[in-house]
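Novice: start.txt is reproduced below (compact mmCIF, C-alpha atoms).
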# COMPACT_ATOMS: atom_id res chain seq x y z
CA MET A 1 103.34 105.18 87.25
CA LEU A 2 103.13 108.69 88.73
CA PRO A 3 101.93 110.33 85.50
CA GLU A 4 102.88 113.89 86.50
CA VAL A 5 106.46 112.92 87.32
CA ARG A 6 106.78 110.84 84.16
CA GLN A 7 105.37 113.59 81.98
CA GLN A 8 107.76 116.14 83.48
CA TYR A 9 110.72 113.79 83.07
CA ASN A 10 109.87 113.09 79.42
CA LYS A 11 109.27 116.77 78.74
CA LEU A 12 112.72 117.68 80.08
CA PHE A 13 114.47 114.69 78.52
CA LYS A 14 117.16 115.49 75.97
CA GLN A 15 118.97 112.79 74.06
CA ALA A 16 122.16 114.79 74.40
CA ARG A 17 121.88 114.70 78.20
CA TYR A 18 121.46 110.94 78.16
CA GLU A 19 124.45 110.52 75.84
CA ALA A 20 126.47 112.79 78.11
CA LEU A 21 125.51 110.59 81.08
CA VAL A 22 126.78 107.49 79.30
CA GLU A 23 129.94 109.29 78.18
CA THR A 24 130.58 110.35 81.78
CA VAL A 25 130.42 106.73 82.93
CA HIS A 26 132.88 105.74 80.20
CA ALA A 27 135.17 108.63 81.12
CA ASP A 28 135.08 107.80 84.84
CA TYR A 29 135.62 104.07 84.25
CA PRO A 30 137.07 103.45 80.76
CA ASN A 31 136.23 100.11 79.13
CA GLN A 32 134.20 98.96 82.15
CA LEU A 33 130.55 99.56 81.19
CA GLU A 34 129.41 96.75 78.90
CA PHE A 35 125.65 96.73 79.44
CA ARG A 36 123.17 99.31 78.22
CA LEU A 37 121.95 102.02 80.56
CA ALA A 38 118.30 102.99 80.17
CA GLU A 39 117.36 106.53 79.25
CA THR A 40 115.38 106.86 82.45
CA PRO A 41 115.20 105.78 86.06
CA VAL A 42 111.92 104.38 87.39
CA PHE A 43 109.75 106.41 89.74
CA VAL A 44 107.83 104.08 92.06
CA PRO A 45 104.63 105.37 93.72
CA LYS A 46 104.13 104.88 97.44
CA ASP A 47 101.41 102.25 97.18
CA LEU A 48 103.38 100.05 94.79
CA GLY A 49 106.53 100.49 96.88
CA ALA A 50 104.64 99.36 99.98
CA LYS A 51 103.41 96.24 98.16
CA ILE A 52 106.93 95.37 96.98
CA ILE A 53 108.29 95.69 100.51
CA GLU A 54 105.36 93.63 101.87
CA ALA A 55 106.01 90.94 99.27
CA GLY A 56 109.64 90.74 100.36
CA GLU A 57 108.78 90.44 104.04
CA LYS A 58 106.39 87.57 103.31
CA ILE A 59 109.12 85.77 101.34
CA ILE A 60 111.60 86.38 104.14
CA ASP A 61 109.13 84.86 106.63
CA VAL A 62 109.49 81.57 104.74
CA ILE A 63 113.28 81.80 104.50
CA VAL A 64 113.80 82.52 108.22
CA ALA A 65 111.48 79.66 109.28
CA PRO A 66 113.23 76.81 111.16
CA ASP A 67 112.35 74.26 108.47
CA PHE A 68 113.76 76.18 105.50
CA LYS A 69 117.11 74.40 105.45
CA GLU A 70 115.37 71.03 105.60
CA LYS A 71 113.05 72.01 102.73
CA THR A 72 116.01 73.03 100.56
CA LYS A 73 118.38 70.20 101.50
CA ASN A 74 118.28 68.87 97.92
CA ALA A 75 118.75 72.27 96.29
CA VAL A 76 122.54 72.12 96.07
CA PRO A 77 123.87 69.72 93.41
CA ALA A 78 126.23 67.19 94.98
CA ASP A 79 129.18 68.29 92.85
CA CYS A 80 128.64 71.94 93.88
CA LEU A 81 128.37 71.44 97.65
CA VAL A 82 130.79 73.76 99.46
CA PRO A 83 131.88 72.98 103.06
CA ASN A 84 131.28 75.22 106.08
CA GLU A 85 127.90 76.60 105.11
CA ASN A 86 126.76 79.34 107.46
CA ALA A 87 123.37 79.74 109.13
CA HIS A 88 121.84 81.95 106.45
CA SER A 89 122.57 83.72 103.21
CA SER A 90 124.57 86.96 103.31
CA PHE A 91 122.67 88.43 100.37
CA MET A 92 119.23 88.25 98.84
CA ALA A 93 117.83 89.68 95.63
CA PHE A 94 114.14 89.52 94.75
CA ASP A 95 113.04 90.27 91.16
CA TYR A 96 109.50 91.56 90.59
CA ALA A 97 107.61 92.25 87.41
CA VAL A 98 105.41 95.33 87.59
CA CYS A 99 101.91 94.17 86.62
CA LYS A 100 98.26 95.16 87.03
CA ASP A 101 95.57 93.32 88.94
CA ALA A 102 91.96 92.83 87.78
CA GLU A 103 91.02 96.28 89.08
CA GLY A 104 93.85 97.96 87.21
CA ASN A 105 96.05 98.57 90.27
CA LEU A 106 99.80 98.17 89.97
CA ILE A 107 101.13 95.08 91.77
CA PRO A 108 104.48 93.28 91.97
CA GLN A 109 104.80 89.66 90.86
CA LEU A 110 107.87 87.70 91.88
CA ILE A 111 109.83 86.40 88.91
CA GLU A 112 112.90 85.03 90.61
CA LEU A 113 114.97 85.27 93.78
CA GLN A 114 118.63 84.76 94.58
CA GLY A 115 120.67 84.08 97.69
CA PHE A 116 123.50 85.80 95.90
CA PRO A 117 124.83 89.36 95.55
CA SER A 118 124.04 91.70 92.70
CA ILE A 119 125.62 95.00 91.64
CA PHE A 120 125.69 96.58 95.09
CA GLY A 121 128.72 98.67 94.11
CA PHE A 122 127.42 100.15 90.86
CA GLN A 123 124.01 101.25 92.13
CA PRO A 124 125.12 104.16 94.36
CA TYR A 125 127.19 105.48 91.47
CA LEU A 126 124.30 105.11 89.02
CA GLY A 127 121.77 106.66 91.38
CA GLU A 128 123.94 109.73 91.78
CA ALA A 129 124.70 109.86 88.05
CA TYR A 130 121.00 110.06 87.15
CA ARG A 131 120.49 112.75 89.78
CA GLN A 132 123.31 114.83 88.32
CA ALA A 133 122.35 114.44 84.65
CA MET A 134 118.57 114.00 84.53
CA TYR A 135 115.39 115.18 86.23
CA VAL A 136 114.82 113.56 89.64
CA PRO A 137 112.32 115.43 91.83
CA GLU A 138 112.46 115.83 95.60
CA GLY A 139 110.73 113.22 97.74
CA PHE A 140 112.22 110.13 96.06
CA ALA A 141 114.95 107.79 97.34
CA GLU A 142 116.90 104.85 95.95
CA TYR A 143 117.87 103.64 99.44
CA PHE A 144 115.74 102.28 102.27
CA GLY A 145 115.60 102.65 106.04
CA GLY A 146 116.56 106.31 105.98
CA ARG A 147 119.93 105.64 104.38
CA ASP A 148 121.68 108.14 102.16
CA ARG A 149 124.55 107.46 99.78
CA GLU A 150 127.31 107.89 102.36
CA MET A 151 125.55 105.73 104.94
CA TYR A 152 124.93 103.04 102.33
CA ILE A 153 128.57 102.90 101.21
CA ASN A 154 129.88 102.82 104.79
CA GLU A 155 127.45 100.06 105.76
CA PHE A 156 128.25 97.99 102.68
CA ARG A 157 132.01 98.39 103.23
CA ASP A 158 131.80 97.27 106.86
CA PHE A 159 129.57 94.37 105.87
CA LEU A 160 132.00 93.11 103.20
CA LEU A 161 135.08 93.48 105.37
CA GLY A 162 133.61 91.76 108.41
CA GLY A 163 136.31 93.26 110.61
CA HIS A 164 139.20 92.25 108.32
CA ALA A 165 141.68 94.48 106.54
CA PRO A 166 140.68 95.08 102.91
CA GLU A 167 143.79 93.32 101.60
CA ASN A 168 142.66 90.08 103.28
CA VAL A 169 139.23 90.17 101.61
CA ILE A 170 138.75 89.44 97.92
CA LEU A 171 135.91 89.53 95.41
CA LEU A 172 136.05 86.10 93.78
CA GLU A 173 135.19 85.72 90.08
CA ILE A 174 136.33 83.89 86.98
CA TYR A 175 138.16 86.25 84.62
CA PRO A 176 136.63 89.34 86.29
CA GLU A 177 138.08 91.68 83.69
CA LYS A 178 135.83 90.03 81.07
CA GLN A 179 132.57 90.00 83.02
CA LYS A 180 129.72 92.23 81.85
CA THR A 181 129.32 93.50 85.41
CA ARG A 182 132.99 94.35 85.84
CA ILE A 183 132.20 98.04 86.44
CA ASP A 184 130.58 96.89 89.68
CA PHE A 185 133.84 95.18 90.69
CA VAL A 186 135.81 98.38 90.06
CA LEU A 187 133.39 100.47 92.12
CA THR A 188 133.30 97.88 94.90
CA ALA A 189 137.09 98.14 95.12
CA GLU A 190 136.86 101.94 95.14
CA TYR A 191 134.29 102.02 97.95
CA THR A 192 135.54 99.14 100.11
CA GLY A 193 139.12 98.30 99.13
CA VAL A 194 138.03 94.77 98.19
CA LYS A 195 139.57 93.87 94.84
CA ALA A 196 138.39 91.33 92.27
CA VAL A 197 140.60 88.24 91.99
CA CYS A 198 140.29 85.49 89.42
CA LEU A 199 139.90 81.93 90.67
CA THR A 200 142.92 80.97 88.53
CA LYS A 201 145.13 83.38 90.52
CA ILE A 202 144.43 81.91 93.95
CA GLN A 203 147.20 79.89 95.59
CA LYS A 204 146.39 77.11 98.05
CA GLU A 205 148.67 75.86 100.81
CA GLY A 206 147.06 73.31 103.07
CA LYS A 207 143.77 74.88 104.08
CA LYS A 208 144.93 78.46 103.59
CA LEU A 209 144.45 80.59 100.49
CA TYR A 210 146.68 83.34 99.13
CA TYR A 211 146.88 85.77 96.23
CA ASP A 212 149.44 88.16 94.83
CA LEU A 213 148.79 91.77 95.88
CA ASP A 214 151.24 94.14 94.21
CA GLY A 215 153.94 91.49 94.36
CA VAL A 216 153.24 90.48 97.96
CA ARG A 217 151.85 87.04 98.78
CA THR A 218 148.77 87.90 100.84
CA GLU A 219 146.50 85.62 102.82
CA ILE A 220 142.79 85.50 101.94
CA LYS A 221 140.69 85.45 105.09
CA ARG A 222 137.29 86.36 103.66
CA ILE A 223 135.73 85.87 100.22
CA TYR A 224 133.03 88.07 98.68
CA HIS A 225 131.61 85.36 96.46
CA ARG A 226 130.55 86.48 92.97
CA LEU A 227 131.40 83.36 90.96
CA ILE A 228 128.49 81.43 89.48
CA PHE A 229 128.92 77.66 89.04
CA ASP A 230 127.15 77.82 85.65
CA GLU A 231 129.91 80.03 84.30
CA LEU A 232 132.64 77.91 85.83
CA GLN A 233 131.28 74.88 84.01
CA GLN A 234 131.96 76.66 80.71
CA PHE A 235 135.66 76.06 81.36
CA PRO A 236 135.90 72.27 81.81
CA ASP A 237 139.69 72.25 81.38
CA LEU A 238 140.36 75.11 83.78
CA GLN A 239 143.40 74.45 85.96
CA THR A 240 143.23 75.93 89.46
CA GLU A 241 144.93 75.25 92.77
CA PHE A 242 141.72 76.01 94.64
CA LYS A 243 138.33 74.48 93.94
CA LEU A 244 135.24 75.94 95.56
CA THR A 245 134.38 72.57 97.09
CA ASP A 246 137.74 72.36 98.93
CA GLU A 247 137.84 72.52 102.72
CA VAL A 248 139.61 75.82 103.42
CA GLU A 249 140.01 78.27 106.28
CA VAL A 250 138.14 81.29 104.96
CA GLU A 251 134.97 83.19 105.79
CA TRP A 252 132.40 83.48 103.05
CA VAL A 253 130.33 86.60 102.64
CA GLY A 254 127.80 84.98 100.42
CA HIS A 255 128.41 81.25 100.96
CA PRO A 256 128.10 79.47 97.58
CA ASN A 257 125.45 77.00 98.76
CA TRP A 258 122.91 79.79 99.26
CA PHE A 259 122.98 80.54 95.54
CA PHE A 260 121.10 77.25 95.13
CA ARG A 261 118.99 77.23 98.27
CA ILE A 262 117.47 80.67 97.62
CA SER A 263 116.72 80.44 93.94
CA LYS A 264 114.03 79.16 91.59
CA TYR A 265 114.15 76.10 93.84
CA THR A 266 112.48 78.17 96.57
CA LEU A 267 109.48 79.30 94.51
CA PRO A 268 107.17 76.32 95.20
CA PHE A 269 107.58 76.93 98.95
CA LEU A 270 106.23 80.48 98.64
CA GLN A 271 102.71 79.61 97.57
CA GLY A 272 99.92 81.48 99.32
CA ASN A 273 101.69 84.79 98.82
CA GLN A 274 99.57 86.90 96.46
CA TYR A 275 102.72 88.38 94.99
CA VAL A 276 104.16 84.99 93.94
CA PRO A 277 102.83 83.23 90.79
CA ALA A 278 101.93 79.55 91.07
CA SER A 279 105.11 77.45 90.77
CA TYR A 280 105.58 73.67 90.73
CA PHE A 281 108.46 71.22 90.64
CA LEU A 282 107.88 69.36 87.40
CA HIS A 283 108.56 65.93 88.91
CA GLU A 284 105.90 66.52 91.59
CA LEU A 285 103.09 67.31 89.14
CA LYS A 286 100.67 64.42 88.85
CA GLU A 287 98.95 66.16 85.94
CA TYR A 288 99.75 69.24 83.89
CA PRO A 289 97.73 72.45 84.15
CA THR A 290 95.04 72.49 81.46
CA ASP A 291 96.14 75.98 80.41
CA LEU A 292 99.80 75.25 79.69
CA GLU A 293 99.93 78.30 77.43
CA ASN A 294 99.86 80.36 80.63
CA TYR A 295 103.02 78.75 82.05
CA VAL A 296 106.74 79.05 81.50
CA LEU A 297 109.28 76.23 81.92
CA LYS A 298 112.49 77.06 83.78
CA PRO A 299 115.55 74.92 84.50
CA LEU A 300 116.23 75.04 88.23
CA PHE A 301 119.97 75.38 87.77
CA SER A 302 120.57 78.03 85.14
CA PHE A 303 121.49 81.68 85.11
CA ALA A 304 120.43 84.85 83.24
CA GLY A 305 117.38 83.29 81.60
CA MET A 306 119.28 80.48 79.87
CA GLY A 307 117.10 77.49 79.01
CA VAL A 308 113.80 79.19 79.80
CA LYS A 309 110.96 78.10 77.50
CA ILE A 310 108.11 80.59 77.21
CA ASN A 311 105.71 78.67 74.97
CA VAL A 312 105.32 75.28 76.59
CA THR A 313 103.54 72.22 75.19
CA LYS A 314 102.68 68.85 76.69
CA ALA A 315 105.17 67.28 74.29
CA ASP A 316 107.91 69.54 75.65
CA LEU A 317 107.21 68.41 79.18
CA ASP A 318 106.88 64.72 78.28
CA ALA A 319 110.30 64.83 76.60
CA ILE A 320 112.10 65.90 79.78
CA THR A 321 113.83 63.03 81.53
CA ASP A 322 115.48 64.89 84.44
CA ARG A 323 112.17 66.31 85.63
CA GLU A 324 113.49 67.06 89.12
CA ASN A 325 115.64 69.80 87.54
CA TYR A 326 112.72 71.83 86.14
CA LEU A 327 110.11 74.23 87.40
CA LEU A 328 106.76 75.12 85.87
CA GLN A 329 105.76 78.67 86.74
CA ARG A 330 102.62 80.60 85.85
CA LYS A 331 103.34 83.44 83.45
CA VAL A 332 102.88 87.01 84.52
CA GLN A 333 101.88 89.87 82.27
CA TYR A 334 104.40 92.67 82.50
CA GLU A 335 102.63 96.00 82.18
CA PRO A 336 104.32 98.65 79.99
CA VAL A 337 104.13 101.19 82.81
CA VAL A 338 106.94 103.55 81.80
CA GLU A 339 105.94 105.83 78.95
CA SER A 340 108.70 106.63 76.48
CA PRO A 341 108.80 108.54 73.17
CA THR A 342 108.82 105.16 71.40
CA GLY A 343 106.12 103.38 73.38
CA GLY A 344 105.51 101.73 76.73
CA THR A 345 108.35 100.02 78.55
CA LYS A 346 108.09 97.03 80.89
CA VAL A 347 109.86 97.10 84.25
CA GLU A 348 111.47 94.52 86.49
CA ILE A 349 112.56 95.70 89.94
CA ARG A 350 115.25 93.93 91.96
CA MET A 351 115.23 94.58 95.69
CA LEU A 352 118.65 94.12 97.31
CA TYR A 353 119.19 92.89 100.86
CA ILE A 354 122.17 92.18 103.10
CA TRP A 355 121.98 89.78 106.04
CA GLU A 356 124.51 90.23 108.81
CA ASP A 357 125.78 87.15 110.63
CA GLY A 358 123.58 86.43 113.63
CA ALA A 359 120.81 88.83 112.59
CA ASP A 360 117.23 87.55 112.71
CA ARG A 361 116.35 88.96 109.29
CA PRO A 362 118.03 90.56 106.29
CA LYS A 363 117.95 94.32 105.66
CA LEU A 364 116.62 95.94 102.51
CA ILE A 365 119.15 98.58 101.45
CA THR A 366 118.80 99.46 97.75
CA ASN A 367 117.50 98.32 94.38
CA LEU A 368 118.04 98.11 90.67
CA ALA A 369 115.68 98.14 87.70
CA ARG A 370 115.71 96.62 84.25
CA LEU A 371 113.60 98.09 81.47
CA SER A 372 112.46 96.02 78.51
CA LYS A 373 110.40 96.15 75.35
CA GLY A 374 111.38 92.65 74.23
CA GLU A 375 109.78 89.29 74.86
CA MET A 376 111.94 88.81 77.96
CA ILE A 377 113.97 90.98 80.28
CA GLY A 378 117.65 90.97 79.35
CA VAL A 379 120.14 92.41 76.90
CA ARG A 380 119.82 89.70 74.27
CA TYR A 381 116.06 90.31 73.99
CA ASN A 382 116.27 94.11 73.76
CA ALA A 383 119.08 94.79 71.34
CA ASP A 384 116.87 96.65 68.86
CA PHE A 385 115.07 98.97 71.31
CA ASP A 386 115.69 102.26 73.08
CA TRP A 387 114.56 103.28 76.57
CA VAL A 388 115.60 99.83 77.80
CA GLY A 389 118.48 98.51 79.88
CA GLY A 390 119.88 98.77 83.38
CA SER A 391 118.54 101.47 85.67
CA ILE A 392 117.53 102.28 89.24
CA CYS A 393 114.25 103.01 91.02
CA TYR A 394 113.51 106.09 93.04
CA PHE A 395 110.79 105.23 95.54
CA GLU A 396 108.31 107.93 96.52
CA THR A 397 108.87 108.92 100.16
CA GLU A 398 106.72 112.05 100.55
Can you turn what I pasted into structure tokens?
Specialist:
Amino acid sequence: MLPEVRQQYNKLFKQARYEALVETVHADYPNQLEFRLAETPVFVPKDLGAKIIEAGEKIIDVIVAPDFKEKTKNAVPADCLVPNENAHSSFMAFDYAVCKDAEGNLIPQLIELQGFPSIFGFQPYLGEAYRQAMYVPEGFAEYFGGRDREMYINEFRDFLLGGHAPENVILLEIYPEKQKTRIDFVLTAEYTGVKAVCLTKIQKEGKKLYYDLDGVRTEIKRIYHRLIFDELQQFPDLQTEFKLTDEVEVEWVGHPNWFFRISKYTLPFLQGNQYVPASYFLHELKEYPTDLENYVLKPLFSFAGMGVKINVTKADLDAITDRENYLLQRKVQYEPVVESPTGGTKVEIRMLYIWEDGADRPKLITNLARLSKGEMIGVRYNADFDWVGGSICYFETE
């Protein structure tokens, strides 16, 4: 991608500058960064950027259609159904693999999507950190719609607060101080005043929720939802006054039900979009594809790649009894488009949207990138490589 920019970046790259970047993050936020930062950002050419944005708009067309809620009525497991669902998701995140088509042109291919927030707080910090420490030429932006860093932070703060005082809005997690993305929670608090609160610390009185803020019992009026049910199920004996499925008087920014509605469950409804690989509910398949080696099996209700089977056989599929909980998706071939001193690196780009209450469509505001040389994207598959990890894209604007 953009050979001249990449060559200049690699020519100017110094390991010491990268190490200094990482050390600066640790100095600014001690003991908060637990995932690996990549040695490089990603520079996205105009034509690929336009395709990624087009792909997102086509996906959004399906999500804003009047029948979307009806199509996804079975997406939320009965024991995870949270009352007072709003009209649409507050957040969306679309993950694309960077691939090549038959003519050798770069194209995005949708891997997954989420009606759930991502690291909206960390990205403005990371984007600025790369600009300060590494080579980032003019004519590239990490934000969309003409936003700059200050505009982005102000917009995100107002969106989270929803007109409430910061002390009445919380970021909800389970043991937030132990989460790998906890640096995002710290930065979110710094930018917006919204602090992370553990589910175990919430007090419930009737339909109202409270938490302890510097020794003062404080009402919770709005919840920035960051807690994933999968993780909660890892603590079967957890004792809490408040359960997510309780009827309570709070606003949700990111209602929990949308985590399920806009998810792998949505993929089969997106067919006909050239940027979305063929995807099928396993229980609806009358016969398997003859080229099963070109498909991947994904549990519908799992997080961070857990349970994904890359090399699928007919025997694997026949052995599944809860077939309604699985998706068969055509594999995509990630292209190693980022040149590094130790070989090509594959890229996955996550486009991040917010959706204001009452708005017709969500707004694309920023992005993140993940670089990989392993079999799959993710920390556990890239432990032995360099030039991999979390990053950000700068999209060509000039």
Novice: Pick the closest to Phe140 in chain A from A:Thr245, A:Gln203, A:Thr397, A:Ser90: which is it, counting only C-alpha atoms?
Specialist: A:Thr397
Novice: For range 222-229 of chain A, list every protein, DNA or RNA residue within 9 Å, evaluated using only C-alpha atoms, and leave out those in the same chain fewer than 6 positions away; present the list as a PDB file with C-alpha atoms, keeping the file's coordinate frame.
Specialist:
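Just written: selection-v8.pdb:
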ATOM      1  CA  CYS A  80     128.640  71.940  93.880  1.00  0.00           C
ATOM      2  CA  PHE A 116     123.500  85.800  95.900  1.00  0.00           C
ATOM      3  CA  PRO A 117     124.830  89.360  95.550  1.00  0.00           C
ATOM      4  CA  SER A 118     124.040  91.700  92.700  1.00  0.00           C
ATOM      5  CA  LEU A 160     132.000  93.110 103.200  1.00  0.00           C
ATOM      6  CA  LEU A 161     135.080  93.480 105.370  1.00  0.00           C
ATOM      7  CA  GLY A 162     133.610  91.760 108.410  1.00  0.00           C
ATOM      8  CA  HIS A 164     139.200  92.250 108.320  1.00  0.00           C
ATOM      9  CA  ASN A 168     142.660  90.080 103.280  1.00  0.00           C
ATOM     10  CA  VAL A 169     139.230  90.170 101.610  1.00  0.00           C
ATOM     11  CA  ILE A 170     138.750  89.440  97.920  1.00  0.00           C
ATOM     12  CA  LEU A 171     135.910  89.530  95.410  1.00  0.00           C
ATOM     13  CA  LEU A 172     136.050  86.100  93.780  1.00  0.00           C
ATOM     14  CA  GLU A 173     135.190  85.720  90.080  1.00  0.00           C
ATOM     15  CA  ILE A 174     136.330  83.890  86.980  1.00  0.00           C
ATOM     16  CA  VAL A 194     138.030  94.770  98.190  1.00  0.00           C
ATOM     17  CA  ALA A 196     138.390  91.330  92.270  1.00  0.00           C
ATOM     18  CA  LEU A 199     139.900  81.930  90.670  1.00  0.00           C
ATOM     19  CA  GLU A 249     140.010  78.270 106.280  1.00  0.00           C
ATOM     20  CA  VAL A 250     138.140  81.290 104.960  1.00  0.00           C
ATOM     21  CA  GLU A 251     134.970  83.190 105.790  1.00  0.00           C
ATOM     22  CA  TRP A 252     132.400  83.480 103.050  1.00  0.00           C
ATOM     23  CA  VAL A 253     130.330  86.600 102.640  1.00  0.00           C
ATOM     24  CA  GLY A 254     127.800  84.980 100.420  1.00  0.00           C
ATOM     25  CA  HIS A 255     128.410  81.250 100.960  1.00  0.00           C
ATOM     26  CA  PRO A 256     128.100  79.470  97.580  1.00  0.00           C
ATOM     27  CA  PHE A 259     122.980  80.540  95.540  1.00  0.00           C
ATOM     28  CA  PHE A 303     121.490  81.680  85.110  1.00  0.00           C
TER      29      PHE A 303
END
Novice: Restricting the calculation to only C-alpha atoms, which member of A:Pro66, A:Gly206, A:Pro108, A:Pro41 is positioned closest to Pro277 in chain A?
Specialist: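 Closest residue, counting only C-alpha atoms: A:Pro108.
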Novice: Distance CA of Phe94 in chain A-CA of Pro176 in chain A, one decimal place?
Specialist: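 Between CA of Phe94 in chain A and CA of Pro176 in chain A the gap works out to 24.0 Å.
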Novice: I need the residue nearest Gln233 in chain A from this list: A:Leu300, A:Asp79, A:Gly139, A:Pro166. Use only C-alpha atoms for the distance.
Specialist: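 Using only C-alpha atoms, the shortest distance to Gln233 in chain A belongs to A:Asp79.
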Novice: Can you tell me, as a list of chain:residue names, what residues are no more than 7 Å from Ser372 in chain A when counting all atoms listed in the file, ignoring any on the same chain fewer than 2 positions away?
Specialist: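 The neighbour list is A:Thr345, A:Lys346, A:Val347, A:Arg370, A:Gly374, A:Ile377, A:Asn382, A:Val388, A:Gly389.
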Novice: Would you write out, as JSON lines, a table of all residues in range 80-167 of chain A that have an atom no more than 12 Å from an atom of range 16-36 of chain A, listing for each the closest atom pair and the distance in Å to one decimal, considering all atoms listed in the file and ordering rows by chain and rising residue number?
Specialist:
{"residue": "A:Phe122", "atom": "CA", "partner": "A:Leu33", "partner_atom": "CA", "distance": 10.2}
{"residue": "A:Tyr125", "atom": "CA", "partner": "A:Val25", "partner_atom": "CA", "distance": 9.2}
{"residue": "A:Leu126", "atom": "CA", "partner": "A:Val25", "partner_atom": "CA", "distance": 8.8}
{"residue": "A:Gly127", "atom": "CA", "partner": "A:Leu21", "partner_atom": "CA", "distance": 11.6}
{"residue": "A:Glu128", "atom": "CA", "partner": "A:Leu21", "partner_atom": "CA", "distance": 10.8}
{"residue": "A:Ala129", "atom": "CA", "partner": "A:Leu21", "partner_atom": "CA", "distance": 7.1}
{"residue": "A:Tyr130", "atom": "CA", "partner": "A:Leu21", "partner_atom": "CA", "distance": 7.6}
{"residue": "A:Arg131", "atom": "CA", "partner": "A:Leu21", "partner_atom": "CA", "distance": 10.3}
{"residue": "A:Gln132", "atom": "CA", "partner": "A:Leu21", "partner_atom": "CA", "distance": 8.7}
{"residue": "A:Ala133", "atom": "CA", "partner": "A:Leu21", "partner_atom": "CA", "distance": 6.1}
{"residue": "A:Met134", "atom": "CA", "partner": "A:Arg17", "partner_atom": "CA", "distance": 7.2}
{"residue": "A:Tyr135", "atom": "CA", "partner": "A:Arg17", "partner_atom": "CA", "distance": 10.3}
Novice: Let me see the file: selected residues, C-alpha atoms, as a short mmCIF file (atom, residue, chain, number, x, y, z; two decimals), keeping the file's coordinate frame.
Specialist:
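What follows is the written file out34.cif:
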data_model
loop_
_atom_site.label_atom_id
_atom_site.label_comp_id
_atom_site.auth_asym_id
_atom_site.auth_seq_id
_atom_site.Cartn_x
_atom_site.Cartn_y
_atom_site.Cartn_z
CA PHE A 122 127.42 100.15 90.86
CA TYR A 125 127.19 105.48 91.47
CA LEU A 126 124.30 105.11 89.02
CA GLY A 127 121.77 106.66 91.38
CA GLU A 128 123.94 109.73 91.78
CA ALA A 129 124.70 109.86 88.05
CA TYR A 130 121.00 110.06 87.15
CA ARG A 131 120.49 112.75 89.78
CA GLN A 132 123.31 114.83 88.32
CA ALA A 133 122.35 114.44 84.65
CA MET A 134 118.57 114.00 84.53
CA TYR A 135 115.39 115.18 86.23
#
Novice: Report, in Å to a single decimal, how far apart CA of Ser340 in chain A and CA of Lys14 in chain A are.
Specialist: 12.3 Å
Novice: What gap, in Å, lies between CA of Asp61 in chain A and CA of Leu285 in chain A?
Specialist: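 For CA of Asp61 in chain A relative to CA of Leu285 in chain A, the distance reads 25.5 Å.
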Novice: With a distance cut-off of 7 Å and all atoms listed in the file, select the neighbouring residues of range 144-149 of chain A, excluding the residue or stretch itself and same-chain residues fewer than 5 positions from it, and output the selection as a list in words.
Specialist: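 Final neighbour list, sorted by chain and number: Pro124, Leu364, Ile365 and Thr366 of chain A.
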Novice: Is there a way to get, as a PyMOL selection string, all residues within 7 Å of the point (133.1, 72.0, 103.8) in file coordinates, counting only C-alpha atoms?
Specialist: chain A and resi 82-84+245-247
